[in-house]
Amino acid sequence: MLISKRIAWFLIAFGVWSWVIWPVFLKNIWHDPRSWHHGMTGFFAVHLVLTVVSLVRGTAIGVLGIRALRTRPALITTR
């Protein structure tokens with residue numbers, strides 16, 4: 001299956017966006033008072049899992065975009 005150049009760049013942008021947004025989200029959850037009560041709370045654990053899964057998926061989507069750009073057929077020109 002060929003992915004268009006536009007879609008490939010969108011996938012890469014989505015992967016980058018995931019790595020920009022989710023660490024900031026986790027940092028904000030870390031400082032939330034509901035996250036810690038004599039150790040980690042369920043509130044923090046759920047958001048930690050959400051962040052990890054989102055980063056893994058964002059990375060996979062970004063890699064698909066990179067692979068789509070790298071495997072695009074080169075234009076053949078005649079001289």
# chains A, B, ... in the order shown; residues from 1 in each chain; ligands from 1
call {"tool": "select_by_dssp", "arguments": {"residues": "range 6-43 of chain A", "states": "helix (DSSP H, G or I)", "output": "number ranges by chain"}}
result
A: 6-30, 33-35, 42-43
call {"tool": "write_last_selection", "arguments": {"atoms": "N, CA, C and O atoms", "output": "short mmCIF file (atom, residue, chain, number, x, y, z; two decimals), in the first residue's frame"}}
result
data_model
loop_
_atom_site.label_atom_id
_atom_site.label_comp_id
_atom_site.auth_asym_id
_atom_site.auth_seq_id
_atom_site.Cartn_x
_atom_site.Cartn_y
_atom_site.Cartn_z
N ARG A 6 1.62 13.65 1.60
CA ARG A 6 0.87 14.48 2.54
C ARG A 6 0.48 13.69 3.79
O ARG A 6 0.64 14.17 4.91
N ILE A 7 -0.02 12.49 3.59
CA ILE A 7 -0.42 11.65 4.72
C ILE A 7 0.81 11.23 5.53
O ILE A 7 0.77 11.19 6.77
N ALA A 8 1.91 10.93 4.85
CA ALA A 8 3.14 10.54 5.56
C ALA A 8 3.60 11.67 6.47
O ALA A 8 3.98 11.43 7.62
N TRP A 9 3.59 12.90 5.97
CA TRP A 9 3.99 14.05 6.81
C TRP A 9 3.01 14.25 7.96
O TRP A 9 3.40 14.64 9.07
N PHE A 10 1.73 14.00 7.72
CA PHE A 10 0.74 14.10 8.80
C PHE A 10 1.05 13.07 9.89
O PHE A 10 0.97 13.39 11.08
N LEU A 11 1.39 11.85 9.50
CA LEU A 11 1.72 10.81 10.49
C LEU A 11 2.95 11.19 11.30
O LEU A 11 2.99 10.99 12.52
N ILE A 12 3.95 11.74 10.63
CA ILE A 12 5.15 12.19 11.34
C ILE A 12 4.81 13.32 12.31
O ILE A 12 5.25 13.31 13.46
N ALA A 13 4.01 14.27 11.85
CA ALA A 13 3.61 15.39 12.72
C ALA A 13 2.83 14.88 13.93
O ALA A 13 3.01 15.38 15.05
N PHE A 14 1.98 13.89 13.73
CA PHE A 14 1.23 13.31 14.83
C PHE A 14 2.16 12.67 15.85
O PHE A 14 1.98 12.82 17.07
N GLY A 15 3.18 11.96 15.38
CA GLY A 15 4.14 11.34 16.28
C GLY A 15 4.91 12.37 17.08
O GLY A 15 5.10 12.22 18.29
N VAL A 16 5.33 13.44 16.43
CA VAL A 16 6.04 14.52 17.13
C VAL A 16 5.12 15.19 18.14
O VAL A 16 5.50 15.45 19.28
N TRP A 17 3.89 15.46 17.73
CA TRP A 17 2.90 16.09 18.62
C TRP A 17 2.70 15.23 19.87
O TRP A 17 2.61 15.77 20.98
N SER A 18 2.64 13.93 19.71
CA SER A 18 2.47 13.04 20.87
C SER A 18 3.61 13.21 21.86
O SER A 18 3.40 13.21 23.08
N TRP A 19 4.85 13.34 21.34
CA TRP A 19 6.01 13.48 22.22
C TRP A 19 6.12 14.88 22.81
O TRP A 19 6.86 15.08 23.77
N VAL A 20 5.39 15.83 22.28
CA VAL A 20 5.38 17.19 22.86
C VAL A 20 4.29 17.27 23.94
O VAL A 20 4.52 17.80 25.02
N ILE A 21 3.13 16.73 23.66
CA ILE A 21 1.97 16.89 24.55
C ILE A 21 2.00 15.96 25.76
O ILE A 21 1.80 16.41 26.89
N TRP A 22 2.25 14.67 25.56
CA TRP A 22 2.07 13.71 26.65
C TRP A 22 3.06 13.85 27.80
O TRP A 22 2.67 13.70 28.97
N PRO A 23 4.33 14.15 27.57
CA PRO A 23 5.21 14.37 28.73
C PRO A 23 4.79 15.57 29.57
O PRO A 23 4.87 15.53 30.80
N VAL A 24 4.30 16.62 28.93
CA VAL A 24 3.81 17.79 29.68
C VAL A 24 2.58 17.40 30.50
O VAL A 24 2.44 17.78 31.66
N PHE A 25 1.70 16.61 29.90
CA PHE A 25 0.51 16.13 30.60
C PHE A 25 0.91 15.33 31.84
O PHE A 25 0.38 15.55 32.93
N LEU A 26 1.87 14.41 31.69
CA LEU A 26 2.30 13.60 32.82
C LEU A 26 2.95 14.45 33.91
O LEU A 26 2.74 14.22 35.10
N LYS A 27 3.71 15.45 33.50
CA LYS A 27 4.33 16.35 34.48
C LYS A 27 3.25 17.07 35.29
O LYS A 27 3.36 17.21 36.52
N ASN A 28 2.21 17.51 34.62
CA ASN A 28 1.11 18.19 35.32
C ASN A 28 0.36 17.23 36.25
O ASN A 28 -0.03 17.62 37.36
N ILE A 29 0.17 15.99 35.83
CA ILE A 29 -0.49 15.00 36.69
C ILE A 29 0.40 14.69 37.89
O ILE A 29 -0.08 14.49 39.00
N TRP A 30 1.72 14.63 37.67
CA TRP A 30 2.66 14.35 38.76
C TRP A 30 2.50 15.36 39.90
O TRP A 30 2.55 15.01 41.06
N PRO A 33 -2.28 17.08 43.45
CA PRO A 33 -2.32 16.49 44.80
C PRO A 33 -3.06 15.14 44.85
O PRO A 33 -2.85 14.36 45.78
N ARG A 34 -3.89 14.85 43.86
CA ARG A 34 -4.60 13.57 43.85
C ARG A 34 -3.71 12.41 43.44
O ARG A 34 -4.09 11.26 43.54
N SER A 35 -2.49 12.70 42.96
CA SER A 35 -1.60 11.66 42.45
C SER A 35 -0.86 10.89 43.54
O SER A 35 -0.46 9.76 43.33
N GLY A 42 -4.35 5.47 42.42
CA GLY A 42 -4.94 4.95 41.20
C GLY A 42 -5.09 6.02 40.14
O GLY A 42 -4.95 5.76 38.94
N PHE A 43 -5.38 7.24 40.58
CA PHE A 43 -5.49 8.39 39.67
C PHE A 43 -4.21 8.56 38.86
O PHE A 43 -4.24 8.69 37.63
#
call {"tool": "atom_distance", "arguments": {"atom1": "CA of Leu2 in chain A", "atom2": "CA of Ile66 in chain A"}}
result
12.7 Å
call {"tool": "atom_distance", "arguments": {"atom1": "CA of Met40 in chain A", "atom2": "CA of Val52 in chain A"}}
result
16.1 Å
call {"tool": "atom_distance", "arguments": {"atom1": "CA of His31 in chain A", "atom2": "CA of Leu50 in chain A"}}
result
16.5 Å
call {"tool": "residues_around", "arguments": {"residues": "Met1 in chain A", "least_positions_apart": "5", "cutoff": "12 Å", "atoms": "only C-alpha atoms", "output": "PyMOL selection string"}}
result
chain A and resi 64+67-68+71-72
call {"tool": "write_last_selection", "arguments": {"atoms": "C-alpha atoms", "output": "short mmCIF file (atom, residue, chain, number, x, y, z; two decimals), in the first residue's frame"}}
result
data_model
loop_
_atom_site.label_atom_id
_atom_site.label_comp_id
_atom_site.auth_asym_id
_atom_site.auth_seq_id
_atom_site.Cartn_x
_atom_site.Cartn_y
_atom_site.Cartn_z
CA LEU A 64 4.96 4.56 9.76
CA ARG A 67 8.89 4.59 6.47
CA ALA A 68 6.26 5.80 4.00
CA THR A 71 9.98 3.94 0.54
CA ARG A 72 8.31 6.28 -1.94
#
